[in-house]
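S.K.: Sharing query.cif here; it has mmCIF, C-alpha atoms.
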data_coords
loop_
_atom_site.label_atom_id
_atom_site.label_comp_id
_atom_site.auth_asym_id
_atom_site.auth_seq_id
_atom_site.Cartn_x
_atom_site.Cartn_y
_atom_site.Cartn_z
CA MET N 1 20.17 -14.70 -2.43
CA VAL N 2 19.29 -11.29 -0.97
CA LEU N 3 17.62 -8.41 -2.83
CA LEU N 4 19.75 -5.47 -1.69
CA PRO N 5 19.27 -1.83 -2.80
CA ASP N 6 21.82 -2.43 -5.58
CA GLY N 7 20.09 -5.57 -6.78
CA PRO N 8 20.01 -9.33 -6.11
CA THR N 9 23.24 -10.55 -4.51
CA ARG N 10 24.28 -14.16 -3.94
CA ASP N 11 25.97 -15.71 -0.92
CA GLN N 12 24.75 -13.03 1.48
CA ALA N 13 23.55 -13.29 5.05
CA VAL N 14 21.55 -11.05 7.34
CA LEU N 15 21.55 -10.78 11.10
CA VAL N 16 18.22 -9.88 12.68
CA GLU N 17 18.08 -8.68 16.26
CA ASN N 18 15.25 -7.00 18.16
CA GLY N 19 13.17 -6.66 15.01
CA LYS N 20 15.87 -4.94 12.93
CA PHE N 21 18.61 -5.84 10.49
CA ARG N 22 21.78 -5.53 12.56
CA ALA N 23 24.29 -6.76 9.99
CA ILE N 24 24.31 -7.65 6.28
CA GLY N 25 27.19 -9.01 4.29
CA PRO N 26 28.91 -12.00 2.71
CA ALA N 27 27.63 -15.13 4.42
CA LYS N 28 31.06 -16.55 5.27
CA LYS N 29 32.20 -13.33 6.96
CA LEU N 30 28.96 -12.85 8.89
CA ILE N 31 28.93 -16.45 10.12
CA ALA N 32 32.56 -16.19 11.20
CA ALA N 33 31.85 -12.96 13.05
CA HIS N 34 29.04 -14.57 15.04
CA PRO N 35 30.20 -18.12 15.86
CA HIS N 36 27.73 -18.37 18.76
CA LEU N 37 24.75 -18.13 16.40
CA HIS N 38 23.29 -20.97 14.37
CA PRO N 39 22.81 -19.82 10.75
CA VAL N 40 19.60 -20.72 8.92
CA ARG N 41 20.29 -21.71 5.34
CA LEU N 42 17.75 -20.59 2.76
CA ASP N 43 18.83 -22.49 -0.32
CA GLY N 44 16.67 -21.82 -3.36
CA HIS N 45 15.13 -18.70 -1.83
CA LEU N 46 15.32 -14.96 -2.26
CA LEU N 47 15.17 -12.74 0.82
CA MET N 48 13.62 -9.48 -0.33
CA PRO N 49 11.92 -6.44 1.23
CA GLY N 50 8.23 -6.76 1.94
CA PHE N 51 5.89 -4.85 -0.34
CA VAL N 52 4.52 -1.53 0.94
CA ASP N 53 0.91 -0.76 -0.01
CA ALA N 54 0.74 3.02 -0.25
CA HIS N 55 -3.05 3.18 -0.56
CA HIS N 56 -5.62 0.86 0.99
CA HIS N 57 -9.13 0.99 2.46
CA LEU N 58 -9.10 -1.71 5.11
CA THR N 59 -12.77 -1.39 6.05
CA GLN N 60 -13.95 -2.01 2.50
CA SER N 61 -12.88 -5.65 2.26
CA PHE N 62 -16.44 -7.03 2.59
CA GLY N 63 -17.50 -5.16 -0.55
CA LYS N 64 -14.53 -5.20 -2.92
CA ALA N 65 -16.30 -7.64 -5.28
CA GLN N 66 -19.21 -5.17 -5.42
CA SER N 67 -17.02 -2.81 -7.45
CA PHE N 68 -16.81 -5.06 -10.50
CA GLY N 69 -18.36 -3.61 -13.66
CA GLN N 70 -19.31 -0.32 -12.02
CA PRO N 71 -18.92 3.28 -13.27
CA SER N 72 -15.82 5.12 -12.11
CA GLU N 73 -17.05 7.16 -9.13
CA ILE N 74 -18.49 4.49 -6.86
CA PHE N 75 -17.62 5.92 -3.46
CA LYS N 76 -21.13 7.33 -3.04
CA THR N 77 -22.97 4.23 -4.24
CA VAL N 78 -20.76 1.47 -2.85
CA TRP N 79 -18.12 2.54 -0.35
CA GLU N 80 -19.97 5.09 1.75
CA PRO N 81 -23.04 2.86 2.29
CA LEU N 82 -20.80 -0.14 3.02
CA GLU N 83 -18.65 1.63 5.61
CA HIS N 84 -21.64 3.33 7.22
CA ALA N 85 -23.11 -0.16 7.81
CA LEU N 86 -20.13 -1.23 9.91
CA ASP N 87 -19.96 -1.28 13.69
CA GLU N 88 -16.93 -1.80 15.94
CA GLU N 89 -16.90 -5.58 15.53
CA THR N 90 -17.43 -5.70 11.76
CA ALA N 91 -14.95 -2.87 11.14
CA TYR N 92 -12.40 -4.85 13.14
CA LEU N 93 -13.17 -8.05 11.18
CA SER N 94 -12.95 -6.22 7.86
CA ALA N 95 -9.59 -4.70 8.75
CA LYS N 96 -8.14 -7.97 10.01
CA LEU N 97 -9.36 -9.82 6.90
CA ALA N 98 -7.80 -7.16 4.66
CA ALA N 99 -4.56 -7.33 6.64
CA LEU N 100 -4.44 -11.11 6.27
CA ASP N 101 -5.06 -10.80 2.53
CA ALA N 102 -2.25 -8.24 2.28
CA LEU N 103 0.21 -10.40 4.22
CA ARG N 104 -0.62 -13.39 2.01
CA GLY N 105 0.34 -11.25 -0.97
CA GLY N 106 3.67 -10.17 0.48
CA PHE N 107 2.73 -6.77 1.89
CA THR N 108 4.40 -6.05 5.20
CA THR N 109 3.03 -2.48 5.38
CA VAL N 110 -0.34 -1.02 4.41
CA ALA N 111 -1.50 2.59 4.46
CA ASP N 112 -5.16 2.90 5.37
CA ALA N 113 -6.60 6.07 3.85
CA GLY N 114 -9.22 6.54 6.56
CA THR N 115 -12.60 4.95 7.18
CA ARG N 116 -16.06 6.50 7.01
CA ALA N 117 -17.36 3.85 9.41
CA PRO N 118 -18.94 5.38 12.54
CA VAL N 119 -16.38 3.71 14.80
CA ASP N 120 -13.21 4.49 16.68
CA VAL N 121 -10.26 3.79 14.36
CA ALA N 122 -8.84 1.73 17.21
CA ALA N 123 -10.96 -1.09 15.75
CA VAL N 124 -8.88 -0.92 12.58
CA ALA N 125 -5.65 -0.73 14.57
CA LYS N 126 -6.67 -3.80 16.55
CA GLY N 127 -7.31 -5.80 13.38
CA THR N 128 -3.97 -4.93 11.78
CA GLU N 129 -2.00 -5.36 14.99
CA GLU N 130 -3.45 -8.82 15.64
CA ALA N 131 -2.71 -9.84 12.04
CA GLY N 132 0.84 -8.56 12.47
CA ILE N 133 1.13 -6.07 9.63
CA ARG N 134 2.65 -2.59 9.81
CA CYS N 135 -0.05 0.05 9.30
CA VAL N 136 -0.08 3.74 8.49
CA LEU N 137 -3.43 4.45 10.12
CA SER N 138 -5.42 7.50 9.07
CA LYS N 139 -8.22 9.33 10.76
CA ILE N 140 -10.45 11.44 8.51
CA VAL N 141 -10.46 15.00 9.87
CA SER N 142 -12.43 16.87 7.22
CA ASP N 143 -14.31 18.73 9.96
CA GLY N 144 -11.05 19.99 11.43
CA THR N 145 -11.27 18.07 14.72
CA GLY N 146 -9.41 15.18 16.30
CA GLY N 147 -6.12 15.54 14.46
CA PRO N 148 -3.66 16.20 17.32
CA ALA N 149 -5.18 13.51 19.53
CA HIS N 150 -4.91 10.89 16.78
CA LEU N 151 -1.32 11.79 15.93
CA GLY N 152 -0.29 11.34 19.55
CA ARG N 153 -2.35 8.24 20.26
CA TRP N 154 0.07 5.59 19.00
CA ASP N 155 3.31 7.28 19.98
CA LYS N 156 6.22 4.83 19.61
CA HIS N 157 3.93 1.92 18.74
CA PRO N 158 6.04 -0.62 16.81
CA LEU N 159 3.46 -1.26 14.06
CA ILE N 160 0.92 1.61 14.05
CA HIS N 161 1.99 4.90 12.44
CA PRO N 162 -0.71 7.60 12.70
CA SER N 163 -1.70 9.71 9.71
CA LEU N 164 -4.45 12.22 8.96
CA ALA N 165 -6.79 12.14 5.97
CA ILE N 166 -9.19 14.31 4.03
CA ALA N 167 -10.99 12.15 1.49
CA VAL N 168 -10.94 14.80 -1.25
CA PRO N 169 -10.12 18.53 -1.13
CA GLU N 170 -13.76 19.48 -1.68
CA ASN N 171 -14.70 17.82 1.64
CA ALA N 172 -12.91 20.42 3.75
CA THR N 173 -12.50 24.17 3.90
CA GLU N 174 -9.29 25.87 2.89
CA THR N 175 -8.60 26.62 6.55
CA VAL N 176 -9.00 22.99 7.58
CA ILE N 177 -6.79 21.69 4.75
CA LYS N 178 -4.01 24.16 5.57
CA HIS N 179 -4.25 23.45 9.30
CA THR N 180 -4.20 19.67 8.77
CA ALA N 181 -1.23 19.91 6.42
CA LYS N 182 0.61 21.99 9.03
CA LEU N 183 -0.17 19.45 11.77
CA CYS N 184 1.21 16.62 9.66
CA ALA N 185 4.32 18.52 8.64
CA GLU N 186 5.12 19.35 12.26
CA ALA N 187 4.43 15.81 13.50
CA GLY N 188 6.37 14.07 10.74
CA ALA N 189 3.17 12.35 9.64
CA ILE N 190 1.46 12.29 6.25
CA LEU N 191 -1.75 13.81 5.02
CA GLN N 192 -3.57 11.36 2.76
CA ILE N 193 -5.93 12.89 0.23
CA HIS N 194 -7.48 11.67 -3.04
CA VAL N 195 -6.57 13.99 -5.92
CA ASN N 196 -7.27 14.14 -9.66
CA GLU N 197 -8.66 10.62 -9.72
CA HIS N 198 -11.79 11.04 -11.86
CA LEU N 199 -12.88 13.58 -14.45
CA ALA N 200 -16.00 14.35 -12.43
CA SER N 201 -13.96 15.26 -9.34
CA VAL N 202 -11.62 17.48 -11.36
CA GLU N 203 -14.59 19.30 -12.84
CA ARG N 204 -16.23 19.73 -9.42
CA SER N 205 -13.03 21.30 -8.16
CA LEU N 206 -12.86 23.68 -11.12
CA LYS N 207 -16.46 24.74 -10.52
CA SER N 208 -16.10 25.17 -6.76
CA VAL N 209 -12.65 26.75 -6.32
CA GLY N 210 -11.58 27.56 -9.86
CA ARG N 211 -8.64 25.18 -9.82
CA ARG N 212 -7.94 21.49 -10.30
CA PRO N 213 -7.30 19.56 -7.05
CA VAL N 214 -3.49 19.42 -7.13
CA ALA N 215 -3.26 23.00 -8.36
CA TYR N 216 -5.63 24.07 -5.59
CA LEU N 217 -3.55 22.39 -2.88
CA ASP N 218 -0.47 24.09 -4.29
CA HIS N 219 -2.24 27.46 -4.45
CA ILE N 220 -3.22 27.38 -0.77
CA GLY N 221 0.25 26.25 0.31
CA ALA N 222 -0.76 22.78 1.46
CA LEU N 223 1.50 20.73 -0.83
CA GLY N 224 4.74 19.45 0.63
CA PRO N 225 6.70 16.31 1.53
CA HIS N 226 4.03 15.53 4.13
CA VAL N 227 1.30 15.08 1.49
CA LEU N 228 0.41 11.74 -0.11
CA GLY N 229 -2.05 12.25 -2.96
CA ALA N 230 -3.95 9.12 -3.94
CA HIS N 231 -4.36 8.12 -7.61
CA ALA N 232 -3.47 11.39 -9.41
CA THR N 233 -4.42 9.83 -12.75
CA LEU N 234 -5.37 13.13 -14.41
CA LEU N 235 -2.37 15.43 -14.04
CA THR N 236 -1.43 18.33 -16.28
CA PRO N 237 2.27 18.99 -16.94
CA ALA N 238 2.00 22.01 -14.65
CA GLU N 239 0.60 19.89 -11.83
CA MET N 240 3.40 17.35 -12.26
CA ARG N 241 5.84 20.20 -11.85
CA MET N 242 4.03 21.32 -8.70
CA LEU N 243 4.37 17.86 -7.22
CA ALA N 244 8.04 17.65 -8.08
CA ASP N 245 8.85 21.13 -6.76
CA SER N 246 6.91 20.66 -3.51
CA GLY N 247 8.25 17.19 -2.71
CA ALA N 248 4.72 15.81 -2.36
CA ALA N 249 4.18 12.11 -3.07
CA ILE N 250 1.42 10.17 -4.79
CA SER N 251 0.25 6.57 -4.79
CA TYR N 252 0.10 4.88 -8.18
CA ASN N 253 -2.81 2.43 -8.08
CA PRO N 254 -2.89 0.61 -11.45
CA VAL N 255 -5.39 -2.12 -10.56
CA ALA N 256 -7.85 0.54 -9.38
CA SER N 257 -7.49 2.26 -12.76
CA ALA N 258 -8.19 -1.03 -14.55
CA TRP N 259 -11.21 -1.86 -12.40
CA LYS N 260 -13.00 1.48 -12.18
CA GLY N 261 -10.81 4.31 -13.40
CA ASN N 262 -10.91 7.02 -16.04
CA ALA N 263 -7.17 7.02 -16.65
CA VAL N 264 -3.79 5.60 -15.60
CA THR N 265 -1.26 7.59 -13.61
CA GLN N 266 1.71 8.57 -15.79
CA ALA N 267 4.14 6.85 -13.46
CA THR N 268 7.15 6.68 -15.77
CA MET N 269 6.77 10.39 -16.51
CA LEU N 270 6.61 11.12 -12.79
CA ALA N 271 9.74 9.05 -12.24
CA ALA N 272 11.55 11.04 -14.94
CA LEU N 273 10.47 14.32 -13.33
CA GLY N 274 11.57 13.22 -9.88
CA VAL N 275 8.08 13.05 -8.36
CA ARG N 276 8.00 10.75 -5.33
CA PHE N 277 5.52 7.92 -5.69
CA GLY N 278 4.63 4.63 -4.12
CA MET N 279 2.30 1.91 -5.32
CA GLY N 280 -1.06 1.00 -3.83
CA THR N 281 -3.79 -1.57 -4.24
CA ASP N 282 -6.72 0.69 -3.29
CA GLY N 283 -8.06 -2.43 -1.60
CA THR N 284 -8.49 -4.26 -4.92
CA ARG N 285 -6.46 -7.46 -4.41
CA GLY N 286 -3.65 -8.25 -2.06
CA ASP N 287 -0.97 -9.72 -4.30
CA GLY N 288 2.19 -7.63 -4.45
CA PHE N 289 3.58 -9.45 -7.46
CA ARG N 290 0.38 -8.98 -9.46
CA LEU N 291 0.52 -5.30 -8.51
CA LEU N 292 4.00 -5.09 -10.04
CA ASP N 293 2.75 -6.73 -13.23
CA ALA N 294 -0.24 -4.37 -13.40
CA ALA N 295 1.98 -1.34 -12.84
CA GLU N 296 4.31 -2.19 -15.69
CA SER N 297 1.54 -3.40 -18.01
CA ALA N 298 -0.55 -0.26 -17.51
CA GLN N 299 2.40 1.95 -18.45
CA ARG N 300 3.17 -0.15 -21.51
CA LEU N 301 -0.43 -0.02 -22.73
CA THR N 302 -1.02 3.69 -22.08
CA SER N 303 2.32 5.21 -23.09
CA GLY N 304 5.03 2.67 -23.85
CA MET N 305 3.47 1.24 -26.98
CA ALA N 306 2.65 4.68 -28.39
CA THR N 307 6.20 5.94 -27.87
CA GLY N 308 8.08 2.76 -28.72
CA ASP N 309 9.32 2.44 -25.15
CA SER N 310 9.98 -1.29 -24.84
CA VAL N 311 11.45 -0.94 -21.34
CA CYS N 312 8.82 1.10 -19.44
CA GLY N 313 11.02 1.40 -16.38
CA ALA N 314 12.25 -2.21 -16.41
CA GLY N 315 11.89 -4.51 -13.43
CA ARG N 316 14.02 -2.54 -11.01
CA LEU N 317 11.89 0.62 -11.14
CA TRP N 318 8.69 -1.20 -10.22
CA LEU N 319 10.31 -3.21 -7.43
CA GLU N 320 11.77 -0.04 -5.92
CA HIS N 321 8.48 1.85 -6.09
CA ALA N 322 6.62 -1.06 -4.48
CA THR N 323 9.12 -1.28 -1.61
CA SER N 324 11.62 1.44 -0.64
CA ARG N 325 10.04 4.31 -2.55
CA SER N 326 6.59 3.33 -1.35
CA ALA N 327 7.92 3.45 2.21
CA ASP N 328 9.38 6.88 1.48
CA ALA N 329 6.01 8.11 0.16
CA LEU N 330 4.46 7.06 3.49
CA GLY N 331 7.12 8.84 5.53
CA LEU N 332 8.57 5.48 6.62
CA GLY N 333 11.75 5.55 4.58
CA ARG N 334 13.88 5.53 7.72
CA ILE N 335 12.00 2.54 9.09
CA THR N 336 11.26 0.01 6.36
CA GLY N 337 11.26 -0.73 2.63
CA GLU N 338 14.70 -2.25 2.03
CA ILE N 339 17.17 -4.78 3.34
CA ALA N 340 19.55 -2.40 5.10
CA VAL N 341 21.25 -2.17 8.48
CA GLY N 342 19.06 -0.37 11.01
CA LYS N 343 15.83 -0.87 9.07
CA ALA N 344 12.97 -2.98 10.39
CA ALA N 345 13.21 -6.66 9.50
CA ASP N 346 10.15 -6.58 7.22
CA TYR N 347 10.95 -9.14 4.56
CA LEU N 348 9.78 -12.01 2.37
CA LEU N 349 11.23 -15.39 1.58
CA VAL N 350 10.46 -16.17 -2.06
CA ASP N 351 10.93 -19.65 -3.50
CA ILE N 352 12.91 -19.04 -6.69
CA ASN N 353 13.66 -22.70 -7.40
CA VAL N 354 10.43 -23.06 -9.37
CA PRO N 355 9.46 -23.50 -13.03
CA GLU N 356 8.12 -19.93 -13.23
CA LEU N 357 11.59 -18.49 -12.62
CA THR N 358 13.70 -21.12 -14.40
CA PRO N 359 16.02 -20.43 -16.15
CA SER N 360 16.72 -17.04 -14.62
CA TYR N 361 18.59 -14.24 -16.37
CA ASP N 362 17.26 -11.01 -14.83
CA LEU N 363 15.53 -11.76 -11.55
CA GLN N 364 14.10 -8.27 -11.07
CA TRP N 365 12.28 -8.39 -14.42
CA GLU N 366 11.16 -11.94 -13.65
CA LEU N 367 9.69 -10.97 -10.28
CA VAL N 368 7.62 -8.28 -12.02
CA ARG N 369 6.31 -10.42 -14.86
CA LEU N 370 6.42 -14.03 -13.71
CA ALA N 371 6.10 -14.22 -9.92
CA ASN N 372 2.95 -14.47 -7.80
CA ARG N 373 1.94 -14.91 -4.17
CA THR N 374 2.14 -18.72 -4.36
CA LEU N 375 5.94 -18.44 -4.36
CA LEU N 376 5.98 -16.90 -0.87
CA THR N 377 7.36 -19.27 1.74
CA ALA N 378 7.43 -16.78 4.61
CA VAL N 379 6.41 -13.24 5.50
CA VAL N 380 8.23 -11.51 8.36
CA VAL N 381 7.27 -8.18 9.93
CA ASP N 382 9.33 -6.42 12.58
CA GLY N 383 11.49 -9.52 12.88
CA ARG N 384 8.57 -11.85 13.65
CA LEU N 385 7.35 -14.65 11.42
CA ARG N 386 3.80 -13.68 10.47
CA LEU N 387 3.01 -16.20 7.73
CA TRP N 388 4.45 -19.55 6.76
CA GLN N 389 3.31 -20.91 3.39
CA GLY N 390 0.39 -18.51 3.32
CA TRP N 391 -0.98 -18.88 6.84
CA PRO N 392 -0.18 -17.46 10.28
CA THR N 393 1.58 -19.70 12.74
CA ASP N 394 0.27 -18.10 15.94
CA TRP N 395 -3.44 -17.43 15.37
CA ASP N 396 -6.40 -19.11 13.66
CA ALA N 397 -6.77 -17.32 10.34
CA ARG N 398 -9.13 -19.94 8.94
CA ALA N 399 -11.59 -19.16 11.72
CA LEU N 400 -11.38 -15.49 10.73
CA VAL N 401 -12.12 -16.34 7.10
CA GLU N 402 -15.09 -18.48 8.15
CA ARG N 403 -16.43 -15.66 10.35
CA ALA N 404 -15.97 -13.08 7.57
CA ALA N 405 -17.78 -15.32 5.09
CA LYS N 406 -20.86 -15.18 7.33
CA VAL N 407 -20.67 -11.54 8.44
CA GLY N 408 -19.61 -9.92 5.16
CA PRO N 409 -22.83 -10.63 3.21
CA GLU N 410 -24.88 -9.42 6.20
CA VAL N 411 -23.03 -6.08 6.12
CA VAL N 412 -23.53 -5.76 2.36
CA ARG N 413 -27.27 -6.42 2.73
CA LYS N 414 -27.52 -3.87 5.52
CA ALA N 415 -25.65 -1.30 3.39
CA LYS N 416 -28.17 -1.52 0.53
CA ILE N 417 -25.45 -0.89 -2.03
CA ALA N 418 -26.79 0.61 -5.25
CA ARG N 419 -25.02 -1.29 -8.02
CA VAL N 420 -25.42 -0.16 -11.61
CA LEU N 421 -26.42 -3.16 -13.69
CA PRO N 422 -26.02 -2.96 -17.49
CA ARG N 423 -29.11 -3.70 -19.57
#
Just dump the structure as structure tokens.
M.R.:
Amino acid sequence: MVLLPDGPTRDQAVLVENGKFRAIGPAKKLIAAHPHLHPVRLDGHLLMPGFVDAHHHLTQSFGKAQSFGQPSEIFKTVWEPLEHALDEETAYLSAKLAALDALRGGFTTVADAGTRAPVDVAAVAKGTEEAGIRCVLSKIVSDGTGGPAHLGRWDKHPLIHPSLAIAVPENATETVIKHTAKLCAEAGAILQIHVNEHLASVERSLKSVGRRPVAYLDHIGALGPHVLGAHATLLTPAEMRMLADSGAAISYNPVASAWKGNAVTQATMLAALGVRFGMGTDGTRGDGFRLLDAAESAQRLTSGMATGDSVCGAGRLWLEHATSRSADALGLGRITGEIAVGKAADYLLVDINVPELTPSYDLQWELVRLANRTLLTAVVVDGRLRLWQGWPTDWDARALVERAAKVGPEVVRKAKIARVLPR
């Protein structure tokens, strides 16, 4: 079975050549059209697009468990100290560990929102490239420098797609934000920026520039299809309209809201208004199926129950926004995100002949509510097998895990993270 844009379809075949889907259609016709090829039968499996993580922090993997039970705004107490304690080697290890975790959860693409580590982002690129995952790689340019060089650095690289980032609007001047947005628009890249995530940040924006973050970006002319706003949990109706009218996208990060948020993004409202959005982990946990479950559950708990909405988007909406629409939010809609001719062969083989999915009546709903990473038989990126039954076939991932288990705690100790402990 193949999960096509119109839904799951039986008795289909795909032809992969040079890392892309070259043909898709009824299995009998495709086999007959290519008698020189030996078809690989995948009985009891679903071939579906790989998940696309629209918001990640790859150099935070050594400290993700430090975020448990903490107040909402922890970037100053946890993430900044942690990333500042990294060097080239540990940043590389952190990124590769995060990439492995993502692949094991069915993500074939991750968008890194930029690291504060005092290292060349090439260390992050090296980690993701060696792991074999597609990466939208950001460089933070809040000081207004380095943008053009970064955007041109990975020209035509098969897996690395450069992006620019400003952590939050308050970190850069109006001139820098406008210039960076213009650079991204002209280069066909995205500007990643955290917006309207926490009440404290919204209030800081009101006090400093007289407007809320999204409204401020709109006011200075920086919003547009090239902008990817992270979180956007605290949006007014007017700001939702600004996003829709400008074509800007956001990343809906439901697990981040559950772990350390003030609110949940109104994703079903955004979908109804035509706002582009993808789904991200924010580096929380790398299981695409659990992300789907969290996305639907968060909407049901925050709006569906109160309005009597028993559907909350249904299974199809969440699958689309974790794959094709997430790719679109990252500016990669022409490259990946769906099983379609000409797109990159970034896909998953999911074992559907299991108790969790038996009997099956609506597979898309069932993938959202019942599936998990243990059902993944294979993960393929750019036409290459990256994982088989959870582990790479061409490099020693267990050695990486062993190395990270030793190095990670050393980095955390060096960072002197200031956790808030309840009394």
S.K.: Got a sec: who's within 8 Å of segment 296-304 of chain N, counting all atoms listed in the file, leaving out chain neighbours fewer than 4 positions off, as a list in words?
M.R.: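 Residues meeting the cut-off are Pro254, Val264, Gln266, Ala267, Thr268, Leu292, Gly308, Asp309, Ser310, Val311, Cys312, Gly313, Ala314, Trp318 and Val368 of chain N.
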S.K.: Selected by the PyMOL selection byres ((chain N and resi 25) around 7) in the shown coordinates: which residues, as a list of chain:residue names?
M.R.: N:Gln12, N:Ala13, N:Val14, N:Ala23, N:Ile24, N:Pro26, N:Ala27, N:Leu30
S.K.: Grab the atom CA of Val176 of chain N to atom CA of Leu217 of chain N distance for me, in Å with one decimal place.
M.R.: 11.8 Å
S.K.: Find the residue from N:His55, N:His45, N:Lys76, N:Arg104 that sits nearest to Trp388 of chain N; use only C-alpha atoms when measuring.
M.R.: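 Checking each of N:His55, N:His45, N:Lys76, N:Arg104 against Trp388 of chain N, counting only C-alpha atoms, the winner is N:Arg104.
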S.K.: If the PyMOL selection byres ((chain N and resi 245) around 10) were run on this exact file, what residues would it hold? Put them as a PDB file with C-alpha atoms, in the frame of the given file.
M.R.:
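Writing the result to out-v5.pdb gives the following:
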ATOM      1  CA  LEU N 223       1.500  20.730  -0.830  1.00  0.00           C
ATOM      2  CA  GLY N 224       4.740  19.450   0.630  1.00  0.00           C
ATOM      3  CA  PRO N 225       6.700  16.310   1.530  1.00  0.00           C
ATOM      4  CA  GLU N 239       0.600  19.890 -11.830  1.00  0.00           C
ATOM      5  CA  MET N 240       3.400  17.350 -12.260  1.00  0.00           C
ATOM      6  CA  ARG N 241       5.840  20.200 -11.850  1.00  0.00           C
ATOM      7  CA  MET N 242       4.030  21.320  -8.700  1.00  0.00           C
ATOM      8  CA  LEU N 243       4.370  17.860  -7.220  1.00  0.00           C
ATOM      9  CA  ALA N 244       8.040  17.650  -8.080  1.00  0.00           C
ATOM     10  CA  SER N 246       6.910  20.660  -3.510  1.00  0.00           C
ATOM     11  CA  GLY N 247       8.250  17.190  -2.710  1.00  0.00           C
ATOM     12  CA  ALA N 248       4.720  15.810  -2.360  1.00  0.00           C
ATOM     13  CA  LEU N 273      10.470  14.320 -13.330  1.00  0.00           C
ATOM     14  CA  GLY N 274      11.570  13.220  -9.880  1.00  0.00           C
ATOM     15  CA  VAL N 275       8.080  13.050  -8.360  1.00  0.00           C
TER      16      VAL N 275
END
S.K.: Give the answer as one residue: which of N:Trp259, N:Phe51, N:Phe107, N:Phe75 has the shortest atom-to-atom distance to Ala322 of chain N, using only C-alpha atoms?
M.R.: N:Phe51
S.K.: Find the residue from N:Pro169, N:Gly408, N:Pro158, N:Gly44 that sits nearest to Thr59 of chain N; use all atoms listed in the file when measuring.
M.R.: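 For Thr59 of chain N, the nearest of the given residues is N:Gly408.
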S.K.: Restricting the calculation to only C-alpha atoms, which member of N:Ile335, N:Val209, N:Glu197, N:Ser142 is positioned closest to Thr180 of chain N?
M.R.: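 Closest candidate: N:Ser142.
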S.K.: Tell me, as a PDB file with C-alpha atoms, in the frame of the given file, which residues lie within 10 Å of Asn18 of chain N, counting all atoms listed in the file; anything in the same chain fewer than 3 positions away does not count.
M.R.:
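Dumped to out08.pdb:
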ATOM      1  CA  PHE N  21      18.610  -5.840  10.490  1.00  0.00           C
ATOM      2  CA  ARG N  22      21.780  -5.530  12.560  1.00  0.00           C
ATOM      3  CA  ALA N 344      12.970  -2.980  10.390  1.00  0.00           C
ATOM      4  CA  ALA N 345      13.210  -6.660   9.500  1.00  0.00           C
ATOM      5  CA  ASP N 382       9.330  -6.420  12.580  1.00  0.00           C
ATOM      6  CA  GLY N 383      11.490  -9.520  12.880  1.00  0.00           C
ATOM      7  CA  ARG N 384       8.570 -11.850  13.650  1.00  0.00           C
TER       8      ARG N 384
END
S.K.: Selection in question (the file shown): the PyMOL selection byres ((chain N and resi 213) around 7). Which residues does it include, as a PyMOL selection string?
M.R.: chain N and resi 169+195-196+202+205+211-212+214-217
S.K.: One number please: atom CA of Thr175 of chain N to atom CA of Leu151 of chain N, in Å, one decimal.
M.R.: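 It comes out at 19.0 Å.
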S.K.: Work out how far atom CA of Asp346 of chain N is from atom CA of Thr90 of chain N, in Å to one decimal.
M.R.: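 Those two atoms sit 28.0 Å apart.
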S.K.: Which of these, N:Met305, N:Leu4, N:Ile160, N:Ala165, has the shortest distance to Pro49 of chain N once you count only C-alpha atoms?
M.R.: N:Leu4
S.K.: Can you work out which one of N:Leu97, N:Ala167, N:Leu159, N:Leu82 has the shortest atom-to-atom distance to His194 of chain N, counting only C-alpha atoms?
M.R.: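 Result for the nearest residue to His194 of chain N: N:Ala167.
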S.K.: Using all atoms listed in the file, which protein or nucleic acid residues come within 10 Å of Leu400 of chain N? Drop anything in the same chain fewer than 4 positions from it, and give the result as a PyMOL selection string.
M.R.: chain N and resi 93-94+96-97+100+395-396+404-405
